[in-house]
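Take a look at the structure set out below.
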Amino acid sequence: MSNVQISRFQMVIMLIWSILGTGIVTVPYVIAQFTVRDSWITGLLFAAGGLLSAGVAAVFLHALPNRNLTSGLIDAFGPWLGRMFGLWFLVWLYLINCTALREAESFVSITILPETPEYIVGLLAMAGISYMVYMGAEVPMRDGEFITPLAIIVAPLLFALSMQHMDVHQLMPVLADGWQPILRGAMTPDLTFALEMLISLQFVRALRVSQTLPKDMITATAIITVLLTCVLEITTGVVGQSTSYLSYPVLETVRSIRVGRFLERLDTLYVMGVMSTVCLKLGVFHYAWCEGMKDVFKLSSHRIVAYSGALFVWAGSFAFFRSTQEMEHFIAGVAPAYFVLTLICIPLLAAMVMNFRRRVKR
């Protein structure tokens, strides 16, 4: 990994697609359980979670420069207690990988392969992802660079064509139910998906310039906030109140596109885009897990657990989430508090301990 040099552009692209990979599938449905008309305001509040993540990253890097998260925990807390905190973080990473894979399996099974068993879809996906991780950190970064030009062409096209069926009255009246439903709906995107950007701390040693990571996270936050708000606005305007009853409201929005009798079924492009970004997210998070295993257990290389870890994730996606309802309950009900403890409290505590140890030495 020491030979890998990840640029700032690659890091921003990686953060954007890692968050939107599952966020564009899950967030509209979760928010719609609390508010539909004002969901776009909830999208704007994503910026708060992104800025919080950037702040945590800045504090951590100031106290532990050039250290990724797992190695920084060991340096701050010592070899034994640090590895216990590292194990906690690895368990969190493992659960996120299982959740993302389960989302992908359900999405593919419902949209394009209803006759194919979900465990076959998951096994094939993790086979490719494990090879990606085995080849190193630069592979998912290059994958993100390849996806971006295609998304720049396809996404505006889908947005523009969807807006022909948009009814602005579906967004009115604004704040009719007050701020409480909006704030409740913002819990998942702000305290789950936004905090996932702190996965970038696992790539600190591979960055060309690690000091600029908080700024890159702010840039990614701004882009994600704009894209997520646009998606929520268009989805609400097209689908309306039915958003709260649909598992994939954005998919239904794209399916509504009709241009004459020759241009339709553009949902194929949407499905391809979702699967590309989900695979990128799985590659990034699985690589971060393998790097963490290397730090905690003093392995010679992350490649040792690339394939076996992928098989472990595939098995866990069904062992932990036997149904889509269980997965949705974990994302909306359990994940926010779990993410705050793992991604905010532990890194900040490590930074405080490291600063205290330095003052004692002086």
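If you're wondering about the labels, chains in the structure tokens are A, B, ... by order shown, residues count from 1 in each chain, ligands from 1 in order shown.
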Using 6 Å as the limit and counting only C-alpha atoms, can you tabulate each residue of segment 141-239 of chain A that touches segment 59-78 of chain A, with its shortest atom-to-atom distance in Å and the two atoms involved, as CSV?
residue,atom,partner,partner_atom,distance
A:Leu201,CA,A:Asn68,CA,5.2
A:Gln202,CA,A:Asn68,CA,4.6
A:Val204,CA,A:Asn68,CA,5.1
A:Arg205,CA,A:Asn66,CA,5.8
For the selection you just gave me, I'd like the residues written to a file as a tab-separated table (two decimals), in the first residue's frame, keeping N, CA and C atoms.
chain	number	residue	atom	x	y	z
A	201	LEU	N	-10.53	7.76	6.32
A	201	LEU	CA	-9.41	7.71	7.27
A	201	LEU	C	-8.62	6.41	7.14
A	202	GLN	N	-9.21	5.37	6.58
A	202	GLN	CA	-8.49	4.13	6.36
A	202	GLN	C	-7.54	4.20	5.17
A	204	VAL	N	-5.56	7.00	4.58
A	204	VAL	CA	-4.66	8.13	4.80
A	204	VAL	C	-3.25	7.82	4.32
A	205	ARG	N	-2.75	6.64	4.60
A	205	ARG	CA	-1.38	6.30	4.23
A	205	ARG	C	-1.18	6.17	2.73
Hey, which bits of segment 123-214 of chain A sit within 10 Å of segment 14-36 of chain A, and for each residue what's the closest pair of atoms and how far apart in Å (one decimal), counting only C-alpha atoms, rows by chain and increasing number, as JSON lines?
{"residue": "A:Pro140", "atom": "CA", "partner": "A:Met14", "partner_atom": "CA", "distance": 7.9}
{"residue": "A:Met141", "atom": "CA", "partner": "A:Met14", "partner_atom": "CA", "distance": 6.3}
{"residue": "A:Arg142", "atom": "CA", "partner": "A:Met14", "partner_atom": "CA", "distance": 9.3}
{"residue": "A:Asp143", "atom": "CA", "partner": "A:Met14", "partner_atom": "CA", "distance": 8.9}
{"residue": "A:Gly144", "atom": "CA", "partner": "A:Met14", "partner_atom": "CA", "distance": 6.0}
{"residue": "A:Glu145", "atom": "CA", "partner": "A:Met14", "partner_atom": "CA", "distance": 8.4}
{"residue": "A:Ile147", "atom": "CA", "partner": "A:Trp17", "partner_atom": "CA", "distance": 9.0}
{"residue": "A:Thr148", "atom": "CA", "partner": "A:Trp17", "partner_atom": "CA", "distance": 8.8}
{"residue": "A:Gln170", "atom": "CA", "partner": "A:Val36", "partner_atom": "CA", "distance": 8.7}
{"residue": "A:Leu171", "atom": "CA", "partner": "A:Val36", "partner_atom": "CA", "distance": 8.0}
{"residue": "A:Leu175", "atom": "CA", "partner": "A:Thr35", "partner_atom": "CA", "distance": 9.8}
{"residue": "A:Asp177", "atom": "CA", "partner": "A:Thr35", "partner_atom": "CA", "distance": 8.5}
{"residue": "A:Trp179", "atom": "CA", "partner": "A:Thr35", "partner_atom": "CA", "distance": 9.8}
{"residue": "A:Gln180", "atom": "CA", "partner": "A:Phe34", "partner_atom": "CA", "distance": 8.9}
{"residue": "A:Pro181", "atom": "CA", "partner": "A:Phe34", "partner_atom": "CA", "distance": 5.2}
{"residue": "A:Ile182", "atom": "CA", "partner": "A:Thr35", "partner_atom": "CA", "distance": 6.2}
{"residue": "A:Leu183", "atom": "CA", "partner": "A:Phe34", "partner_atom": "CA", "distance": 8.9}
{"residue": "A:Arg184", "atom": "CA", "partner": "A:Phe34", "partner_atom": "CA", "distance": 6.7}
{"residue": "A:Gly185", "atom": "CA", "partner": "A:Ile31", "partner_atom": "CA", "distance": 4.6}
{"residue": "A:Ala186", "atom": "CA", "partner": "A:Ile31", "partner_atom": "CA", "distance": 7.0}
{"residue": "A:Met187", "atom": "CA", "partner": "A:Ile31", "partner_atom": "CA", "distance": 8.8}
{"residue": "A:Thr188", "atom": "CA", "partner": "A:Val27", "partner_atom": "CA", "distance": 7.5}
{"residue": "A:Pro189", "atom": "CA", "partner": "A:Val27", "partner_atom": "CA", "distance": 6.5}
{"residue": "A:Thr192", "atom": "CA", "partner": "A:Gly23", "partner_atom": "CA", "distance": 9.7}
{"residue": "A:Phe193", "atom": "CA", "partner": "A:Ile19", "partner_atom": "CA", "distance": 6.0}
{"residue": "A:Ala194", "atom": "CA", "partner": "A:Ile19", "partner_atom": "CA", "distance": 7.3}
{"residue": "A:Leu195", "atom": "CA", "partner": "A:Ile19", "partner_atom": "CA", "distance": 9.3}
{"residue": "A:Glu196", "atom": "CA", "partner": "A:Ile19", "partner_atom": "CA", "distance": 7.0}
{"residue": "A:Met197", "atom": "CA", "partner": "A:Leu15", "partner_atom": "CA", "distance": 6.1}
{"residue": "A:Leu198", "atom": "CA", "partner": "A:Leu15", "partner_atom": "CA", "distance": 9.1}
{"residue": "A:Ile199", "atom": "CA", "partner": "A:Leu15", "partner_atom": "CA", "distance": 8.6}
{"residue": "A:Ser200", "atom": "CA", "partner": "A:Leu15", "partner_atom": "CA", "distance": 7.6}
Length of the atom CA of Phe89 of chain A to atom CA of Arg8 of chain A vector [Å]: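 The value is 24.8 Å.
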Contact table segment 79-170 of chain A vs segment 321-338 of chain A, cut-off 9 Å, shortest pair per residue, only C-alpha atoms, as a tab-separated table:
residue	atom	partner	partner_atom	distance
A:Trp92	CA	A:Tyr338	CA	8.3
A:Cys98	CA	A:Phe321	CA	8.5
A:Thr99	CA	A:Met327	CA	6.8
A:Arg102	CA	A:Phe321	CA	7.4
A:Glu103	CA	A:Thr324	CA	7.9
A:Ser106	CA	A:Thr324	CA	7.1
Counting only C-alpha atoms, which residues in segment 254-283 of chain A sit no more than 12 Å from segment 124-127 of chain A? For each one, give the nearest pair of atoms and the distance in Å, sorted by chain then residue number, as JSON lines.
{"residue": "A:Met275", "atom": "CA", "partner": "A:Ala125", "partner_atom": "CA", "distance": 9.7}
{"residue": "A:Ser276", "atom": "CA", "partner": "A:Ala125", "partner_atom": "CA", "distance": 10.7}
{"residue": "A:Val278", "atom": "CA", "partner": "A:Ala125", "partner_atom": "CA", "distance": 10.0}
{"residue": "A:Cys279", "atom": "CA", "partner": "A:Ala125", "partner_atom": "CA", "distance": 7.5}
{"residue": "A:Leu280", "atom": "CA", "partner": "A:Ala125", "partner_atom": "CA", "distance": 10.9}
{"residue": "A:Lys281", "atom": "CA", "partner": "A:Met126", "partner_atom": "CA", "distance": 11.8}
{"residue": "A:Leu282", "atom": "CA", "partner": "A:Met126", "partner_atom": "CA", "distance": 8.4}
{"residue": "A:Gly283", "atom": "CA", "partner": "A:Met126", "partner_atom": "CA", "distance": 8.8}
Now that the selection is made, can you save its residues with all heavy atoms as a tab-separated table (two decimals), in the first residue's frame?
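Done, and the output landed in part-v8.tsv:
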chain	number	residue	atom	x	y	z
A	275	MET	N	-25.75	-0.49	-9.68
A	275	MET	CA	-24.90	-1.65	-9.44
A	275	MET	C	-23.42	-1.29	-9.56
A	275	MET	O	-22.58	-1.81	-8.81
A	275	MET	CB	-25.24	-2.77	-10.42
A	275	MET	CG	-26.61	-3.38	-10.17
A	275	MET	SD	-26.87	-3.81	-8.43
A	275	MET	CE	-25.48	-4.87	-8.10
A	276	SER	N	-23.09	-0.39	-10.46
A	276	SER	CA	-21.68	0.04	-10.59
A	276	SER	C	-21.21	0.74	-9.33
A	276	SER	O	-20.11	0.47	-8.82
A	276	SER	CB	-21.52	0.96	-11.80
A	276	SER	OG	-21.86	0.30	-13.00
A	278	VAL	N	-22.60	0.58	-6.28
A	278	VAL	CA	-22.64	-0.32	-5.13
A	278	VAL	C	-21.40	-1.21	-5.11
A	278	VAL	O	-20.80	-1.46	-4.05
A	278	VAL	CB	-23.92	-1.16	-5.13
A	278	VAL	CG1	-23.85	-2.27	-4.08
A	278	VAL	CG2	-25.14	-0.29	-4.85
A	279	CYS	N	-21.01	-1.72	-6.27
A	279	CYS	CA	-19.79	-2.53	-6.34
A	279	CYS	C	-18.57	-1.72	-5.95
A	279	CYS	O	-17.66	-2.23	-5.28
A	279	CYS	CB	-19.63	-3.12	-7.74
A	279	CYS	SG	-20.81	-4.43	-8.14
A	280	LEU	N	-18.54	-0.45	-6.36
A	280	LEU	CA	-17.44	0.42	-5.96
A	280	LEU	C	-17.42	0.59	-4.45
A	280	LEU	O	-16.36	0.52	-3.80
A	280	LEU	CB	-17.56	1.77	-6.65
A	280	LEU	CG	-16.56	2.85	-6.22
A	280	LEU	CD1	-15.14	2.40	-6.50
A	280	LEU	CD2	-16.86	4.16	-6.92
A	281	LYS	N	-18.58	0.81	-3.86
A	281	LYS	CA	-18.66	0.97	-2.40
A	281	LYS	C	-18.20	-0.29	-1.69
A	281	LYS	O	-17.44	-0.23	-0.72
A	281	LYS	CB	-20.09	1.32	-1.99
A	281	LYS	CG	-20.27	1.42	-0.48
A	281	LYS	CD	-21.65	1.92	-0.11
A	281	LYS	CE	-21.76	2.13	1.38
A	281	LYS	NZ	-23.03	2.77	1.78
A	282	LEU	N	-18.65	-1.44	-2.15
A	282	LEU	CA	-18.23	-2.70	-1.54
A	282	LEU	C	-16.72	-2.90	-1.66
A	282	LEU	O	-16.08	-3.37	-0.71
A	282	LEU	CB	-18.98	-3.86	-2.19
A	282	LEU	CG	-20.44	-4.04	-1.76
A	282	LEU	CD1	-21.13	-5.04	-2.68
A	282	LEU	CD2	-20.52	-4.51	-0.32
A	283	GLY	N	-16.16	-2.52	-2.80
A	283	GLY	CA	-14.72	-2.63	-2.97
A	283	GLY	C	-13.95	-1.74	-2.01
A	283	GLY	O	-12.97	-2.15	-1.39
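Nearest to Glu233 of chain A of all the residues A:Lys215, A:His169, A:Lys361, A:His286 is A:His169, based on only C-alpha atoms.
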